[in-house]
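So this one's data_19.pdb, PDB, C-alpha atoms:
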MODEL        1
ATOM      1  CA  ALA A1207     -11.126 -22.996  13.631
ATOM      2  CA  LEU A1208      -7.359 -22.621  13.378
ATOM      3  CA  THR A1209      -5.612 -25.792  12.225
ATOM      4  CA  LEU A1210      -1.929 -26.703  12.217
ATOM      5  CA  LEU A1211      -1.911 -27.418   8.478
ATOM      6  CA  HIS A1212      -3.312 -23.945   7.836
ATOM      7  CA  VAL A1213      -0.542 -22.394   9.932
ATOM      8  CA  LEU A1214       2.218 -24.484   8.328
ATOM      9  CA  ASN A1215       1.094 -23.470   4.845
ATOM     10  CA  ASN A1216       0.402 -19.795   5.600
ATOM     11  CA  GLN A1217       3.498 -17.752   4.767
ATOM     12  CA  SER A1218       2.218 -14.757   6.749
ATOM     13  CA  LEU A1219       1.242 -16.652   9.894
ATOM     14  CA  LEU A1220       4.078 -19.209   9.982
ATOM     15  CA  PRO A1221       6.804 -16.761  11.183
ATOM     16  CA  VAL A1222       4.548 -15.739  14.083
ATOM     17  CA  PHE A1223       3.992 -19.385  15.010
ATOM     18  CA  ARG A1224       7.729 -20.093  14.714
ATOM     19  CA  VAL A1225       8.540 -17.383  17.273
ATOM     20  CA  TYR A1226       5.918 -18.886  19.572
ATOM     21  CA  CYS A1227       7.475 -22.361  19.126
ATOM     22  CA  ILE A1228      10.890 -20.943  20.110
ATOM     23  CA  SER A1229       9.374 -19.545  23.297
ATOM     24  CA  GLU A1230       7.860 -22.989  23.988
ATOM     25  CA  GLY A1231      11.099 -24.855  23.214
ATOM     26  CA  VAL A1232       9.681 -26.818  20.266
ATOM     27  CA  ASP A1233      11.193 -24.917  17.345
ATOM     28  CA  GLU A1234      13.317 -27.971  16.454
ATOM     29  CA  TYR A1235      10.119 -29.969  16.022
ATOM     30  CA  LEU A1236       8.953 -27.410  13.489
ATOM     31  CA  ASN A1237      12.296 -27.426  11.678
ATOM     32  CA  PHE A1238      12.342 -31.218  11.484
ATOM     33  CA  TRP A1239       8.795 -31.337  10.104
ATOM     34  CA  PHE A1240       9.727 -29.039   7.224
ATOM     35  CA  GLU A1241      13.017 -30.796   6.483
ATOM     36  CA  ALA A1242      11.343 -34.206   6.469
ATOM     37  CA  ARG A1243       8.665 -32.904   4.116
ATOM     38  CA  MET A1244      11.303 -31.420   1.817
ATOM     39  CA  TYR A1245      13.257 -34.684   1.570
ATOM     40  CA  THR A1246      10.066 -36.733   1.196
ATOM     41  CA  ASN A1247       9.034 -34.600  -1.780
ATOM     42  CA  LYS A1248      12.567 -34.720  -3.179
ATOM     43  CA  TYR A1249      12.587 -38.542  -3.355
ATOM     44  CA  LEU A1250       8.866 -39.047  -3.867
ATOM     45  CA  TYR A1251       9.136 -40.469  -7.365
ATOM     46  CA  GLU A1252      12.518 -42.184  -6.998
ATOM     47  CA  GLU A1253      13.511 -45.623  -5.827
ATOM     48  CA  SER A1254      15.867 -45.933  -2.871
ATOM     49  CA  SER A1255      19.234 -44.422  -3.752
ATOM     50  CA  PRO A1256      22.564 -43.818  -1.977
ATOM     51  CA  ALA A1257      21.734 -40.091  -1.939
ATOM     52  CA  GLU A1258      18.444 -40.699  -0.134
ATOM     53  CA  GLN A1259      20.119 -43.042   2.380
ATOM     54  CA  THR A1260      22.735 -40.344   3.074
ATOM     55  CA  ASP A1261      20.036 -37.687   3.613
ATOM     56  CA  CYS A1262      18.090 -40.044   5.897
ATOM     57  CA  ARG A1263      21.112 -40.672   8.105
ATOM     58  CA  SER A1264      22.029 -36.984   8.165
ATOM     59  CA  LEU A1265      18.516 -36.145   9.328
ATOM     60  CA  PHE A1266      18.697 -38.865  11.976
ATOM     61  CA  LYS A1267      22.053 -37.602  13.308
ATOM     62  CA  LYS A1268      20.838 -34.012  13.346
ATOM     63  CA  TYR A1269      17.702 -34.609  15.390
ATOM     64  CA  PHE A1270      17.524 -38.044  17.016
ATOM     65  CA  LEU A1271      20.870 -38.952  18.583
ATOM     66  CA  PRO A1272      21.287 -38.262  22.318
ATOM     67  CA  ASP A1273      24.095 -35.771  21.582
ATOM     68  CA  SER A1274      22.363 -34.144  18.579
ATOM     69  CA  THR A1275      22.643 -30.365  18.523
ATOM     70  CA  HIS A1276      18.947 -30.132  17.606
ATOM     71  CA  ASN A1277      17.768 -33.085  19.687
ATOM     72  CA  ILE A1278      14.105 -34.070  19.551
ATOM     73  CA  LYS A1279      12.827 -36.384  22.267
ATOM     74  CA  LEU A1280      10.702 -39.121  20.713
ATOM     75  CA  ASP A1281       8.434 -41.655  22.280
ATOM     76  CA  ALA A1282      10.661 -44.605  23.267
ATOM     77  CA  LYS A1283       8.951 -47.084  20.952
ATOM     78  CA  ILE A1284       9.164 -44.743  17.953
ATOM     79  CA  GLY A1285      12.789 -43.928  18.750
ATOM     80  CA  ASN A1286      13.834 -47.593  18.935
ATOM     81  CA  GLU A1287      12.042 -48.449  15.693
ATOM     82  CA  LEU A1288      13.728 -45.521  13.937
ATOM     83  CA  GLN A1289      17.178 -46.532  15.200
ATOM     84  CA  ASP A1290      16.683 -50.095  13.923
ATOM     85  CA  ALA A1291      15.411 -48.939  10.509
ATOM     86  CA  ILE A1292      17.777 -46.089   9.708
ATOM     87  CA  TYR A1293      20.880 -48.231   9.062
ATOM     88  CA  LYS A1294      19.154 -50.970   7.133
ATOM     89  CA  PRO A1295      20.099 -51.281   3.439
ATOM     90  CA  LYS A1296      17.978 -49.145   1.136
ATOM     91  CA  ALA A1297      16.507 -47.014   3.919
ATOM     92  CA  THR A1298      14.112 -44.337   2.628
ATOM     93  CA  MET A1299      12.336 -41.314   4.055
ATOM     94  CA  LYS A1300       9.494 -43.642   5.013
ATOM     95  CA  VAL A1301      11.436 -44.550   8.160
ATOM     96  CA  PHE A1302      10.536 -41.093   9.501
ATOM     97  CA  LYS A1303       6.798 -41.468   8.975
ATOM     98  CA  ALA A1304       6.038 -42.235  12.648
ATOM     99  CA  CYS A1305       8.414 -39.441  13.730
ATOM    100  CA  GLN A1306       6.599 -36.936  11.531
ATOM    101  CA  ARG A1307       3.277 -37.974  13.030
ATOM    102  CA  PHE A1308       4.673 -37.658  16.560
ATOM    103  CA  VAL A1309       6.151 -34.214  15.844
ATOM    104  CA  PHE A1310       2.941 -33.061  14.178
ATOM    105  CA  ASP A1311       0.939 -34.048  17.262
ATOM    106  CA  VAL A1312       3.319 -32.144  19.556
ATOM    107  CA  LEU A1313       2.991 -29.009  17.404
ATOM    108  CA  ASP A1314      -0.780 -29.456  17.270
ATOM    109  CA  LEU A1315      -0.906 -29.408  21.066
ATOM    110  CA  LYS A1316       1.147 -26.204  21.103
ATOM    111  CA  LEU A1317      -1.245 -24.679  18.579
ATOM    112  CA  LYS A1318      -4.000 -24.524  21.203
ATOM    113  CA  GLY A1319      -1.891 -22.212  23.334
ATOM    114  CA  PHE A1320      -0.828 -20.223  20.272
ATOM    115  CA  ALA A1321      -4.474 -19.637  19.253
ATOM    116  CA  SER A1322      -5.102 -17.771  22.535
ATOM    117  CA  SER A1323      -1.741 -15.978  22.634
ATOM    118  CA  ASP A1324      -1.188 -12.239  22.269
ATOM    119  CA  ALA A1325       1.054 -12.940  19.274
ATOM    120  CA  TYR A1326      -1.807 -14.514  17.342
ATOM    121  CA  LYS A1327      -4.312 -11.852  18.433
ATOM    122  CA  ASN A1328      -1.949  -9.108  17.255
ATOM    123  CA  PHE A1329      -1.520 -10.951  13.962
ATOM    124  CA  LEU A1330      -5.302 -11.016  13.465
ATOM    125  CA  LYS A1331      -5.485  -7.280  14.170
ATOM    126  CA  ARG A1332      -2.805  -6.556  11.581
ATOM    127  CA  GLU A1333      -4.541  -8.769   9.034
ATOM    128  CA  SER A1334      -7.871  -7.063   9.712
ATOM    129  CA  SER A1335      -6.290  -3.630   9.255
ATOM    130  CA  LEU A1336      -4.636  -4.760   6.023
ATOM    131  CA  TYR A1337      -7.934  -6.166   4.735
ATOM    132  CA  GLN A1338      -9.663  -2.882   5.547
ATOM    133  CA  LYS A1339      -7.045  -0.936   3.589
ATOM    134  CA  GLN A1340      -7.458  -3.291   0.658
ATOM    135  CA  ALA A1341     -11.227  -2.810   0.846
ATOM    136  CA  GLU A1342     -10.728   0.976   0.749
ATOM    137  CA  LYS A1343      -8.483   0.591  -2.278
ATOM    138  CA  SER A1344     -11.134  -1.585  -3.842
ATOM    139  CA  PHE A1345     -13.675   1.225  -3.271
ATOM    140  CA  ASP A1346     -11.342   3.705  -4.964
ATOM    141  CA  ILE A1347     -11.058   1.405  -7.983
ATOM    142  CA  LYS A1348     -14.846   1.170  -8.201
ATOM    143  CA  GLU A1349     -15.065   4.953  -8.090
ATOM    144  CA  ILE A1350     -12.555   5.187 -10.947
ATOM    145  CA  GLU A1351     -14.608   2.637 -12.890
ATOM    146  CA  VAL A1352     -17.690   4.842 -12.458
ATOM    147  CA  HIS A1353     -15.824   7.893 -13.778
ATOM    148  CA  PHE A1354     -14.461   5.852 -16.670
ATOM    149  CA  LYS A1355     -17.979   4.724 -17.556
ATOM    150  CA  ARG A1356     -19.136   8.341 -17.524
ATOM    151  CA  ILE A1357     -16.341   9.244 -19.953
ATOM    152  CA  LEU A1358     -17.373   6.379 -22.245
ATOM    153  CA  ASP A1359     -20.990   7.552 -22.125
ATOM    154  CA  ALA A1360     -19.869  11.088 -22.980
ATOM    155  CA  GLN A1361     -17.836   9.761 -25.917
ATOM    156  CA  LYS A1362     -20.850   7.839 -27.221
ATOM    157  CA  HIS A1363     -22.996  10.970 -26.880
ATOM    158  CA  LEU A1364     -20.434  13.012 -28.805
ATOM    159  CA  GLN A1365     -20.299  10.361 -31.520
ATOM    160  CA  ILE A1366     -24.081  10.554 -31.885
ATOM    161  CA  ILE A1367     -23.966  14.355 -32.150
ATOM    162  CA  CYS A1368     -21.117  14.134 -34.665
ATOM    163  CA  THR A1369     -23.046  11.606 -36.794
ATOM    164  CA  GLU A1370     -26.217  13.715 -36.728
ATOM    165  CA  THR A1371     -24.279  16.857 -37.655
ATOM    166  CA  THR A1372     -22.525  15.053 -40.508
ATOM    167  CA  ASN A1373     -25.847  13.754 -41.807
ATOM    168  CA  LYS A1374     -27.330  17.242 -41.694
ATOM    169  CA  LEU A1375     -24.343  18.698 -43.495
ATOM    170  CA  GLN A1376     -24.569  15.999 -46.148
ATOM    171  CA  ALA A1377     -28.277  16.714 -46.523
ATOM    172  CA  SER A1378     -27.566  20.463 -46.788
ATOM    173  CA  SER A1379     -24.847  19.800 -49.347
ATOM    174  CA  ALA A1380     -27.246  17.703 -51.400
ATOM    175  CA  ALA A1381     -29.846  20.474 -51.186
ATOM    176  CA  ILE A1382     -27.282  23.067 -52.320
ATOM    177  CA  ASN A1383     -26.279  20.854 -55.252
ATOM    178  CA  ASN A1384     -29.914  20.508 -56.200
ATOM    179  CA  LEU A1385     -30.343  24.277 -56.065
ATOM    180  CA  HIS A1386     -27.269  24.741 -58.267
ATOM    181  CA  ALA A1387     -28.632  22.254 -60.775
ATOM    182  CA  LEU A1388     -32.032  23.971 -60.766
ATOM    183  CA  SER A1389     -30.382  27.353 -61.153
ATOM    184  CA  GLU A1390     -28.421  26.117 -64.171
ATOM    185  CA  ARG A1391     -31.580  24.812 -65.771
ATOM    186  CA  PHE A1392     -33.305  28.145 -65.232
ATOM    187  CA  SER A1393     -30.299  29.889 -66.775
ATOM    188  CA  GLU A1394     -30.438  27.588 -69.800
ATOM    189  CA  TYR A1395     -34.159  28.123 -70.130
ATOM    190  CA  SER A1396     -33.718  31.883 -69.808
ATOM    191  CA  GLU A1397     -31.066  31.903 -72.528
ATOM    192  CA  SER A1398     -33.252  29.864 -74.866
ATOM    193  CA  ILE A1399     -36.112  32.352 -74.429
ATOM    194  CA  ASN A1400     -33.881  35.330 -75.138
ATOM    195  CA  GLN A1401     -32.533  33.886 -78.398
ATOM    196  CA  PRO A1402     -34.112  35.580 -81.554
ATOM    197  CA  ASP A1403     -36.439  33.497 -83.613
ATOM    198  CA  CYS A1404     -35.021  32.039 -86.779
ATOM    199  CA  PRO A1405     -36.100  33.931 -89.982
ATOM    200  CA  LYS A1406     -38.926  32.294 -91.863
TER
ENDMDL
END
Render the structure in this file as structure tokens.
Amino acid sequence: ALTLLHVLNNQSLLPVFRVYCISEGVDEYLNFWFEARMYTNKYLYEESSPAEQTDCRSLFKKYFLPDSTHNIKLDAKIGNELQDAIYKPKATMKVFKACQRFVFDVLDLKLKGFASSDAYKNFLKRESSLYQKQAEKSFDIKEIEVHFKRILDAQKHLQIICTETTNKLQASSAAINNLHALSERFSEYSESINQPDCPK
């Protein structure tokens, strides 16, 4: 089943979902979720600092004031708690935790409509086509591997023939050397027979 976390972390599917969110009027919810995650990770291993407090207030002004350009409508209770917490000394990104949960739930509700939309169905078709092309490429690679194996087998066969031929040549060479040695001995023997006997 399609989940919001899968969509948010899928670089191919996320742009399609973003366009759908724009059509549903919740693209600011998506933008806030990513910005809040970015700042949370940025200050994850740091204690509260003036820089973090500045980023927290900038995020609050951008999304949660009545006249914000990118206004997000929060549940009243969550909105009041955020307004009280944001200007306290040493405010951290933790003040947005309830907001992030609220925004996530809104996007999760929109996901149900997205899962049955034409945009998502077209995305699945494109992905299926791409996977099929990759599978065909994979088949071509396997075919190349088969041909490569045949070449290796042919090389091994040639090496065997070369070794056998070399051995035969060496054996023939040894036989020729033996014949030369035997011939020399016969020549020596023949010369010794032809020599005149010493006078008595």
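By chain and then residue number, the residues within 8 Å of Phe1270 of chain A are A:Asn1277, A:Ile1278, A:Lys1279, A:Leu1280, A:Gly1285, counting all atoms listed in the file and disregarding those fewer than 6 positions away in sequence.
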Excluding same-chain residues fewer than 6 positions from Thr1260 of chain A, what lies within 10 Å of it counting only C-alpha atoms, as a count of residues only?
3
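Comparing A:Ala1207, A:Thr1369, A:Ile1292, A:Phe1223 by their smallest distance to Lys1316 of chain A, the closest is A:Phe1223 (using all atoms listed in the file).
Interatomic distance, atom CA of Gly1231 of chain A against atom CA of Ala1325 of chain A: 16.1 Å.
Closest to Glu1230 of chain A among A:Phe1308, A:Leu1330, A:Lys1300, A:Ser1323 is A:Ser1323, based on only C-alpha atoms.
For the atom pair formed by atom CA of Leu1265 of chain A and atom CA of Leu1288 of chain A, the distance is 11.5 Å, given to one decimal.
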Find the residues near Ser1264 of chain A: any atom within 12 Å, counting all atoms listed in the file, skip ones fewer than 4 places away on the same chain, and give them as a ChimeraX atom specification.
/A:1238,1241-1242,1245,1257-1260,1268-1271,1274,1292-1293,1299
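Nearest residue to Asn1237 of chain A among A:Lys1374, A:Leu1250, A:Glu1394, A:Phe1310 is A:Phe1310, counting all atoms listed in the file.
The space between atom CA of Lys1267 of chain A and atom CA of Glu1234 of chain A spans 13.4 Å.
When all atoms listed in the file are used to measure the gap to Glu1287 of chain A, the shortest distance among A:Phe1302, A:Asp1273, A:Met1244, A:Trp1239 belongs to A:Phe1302.
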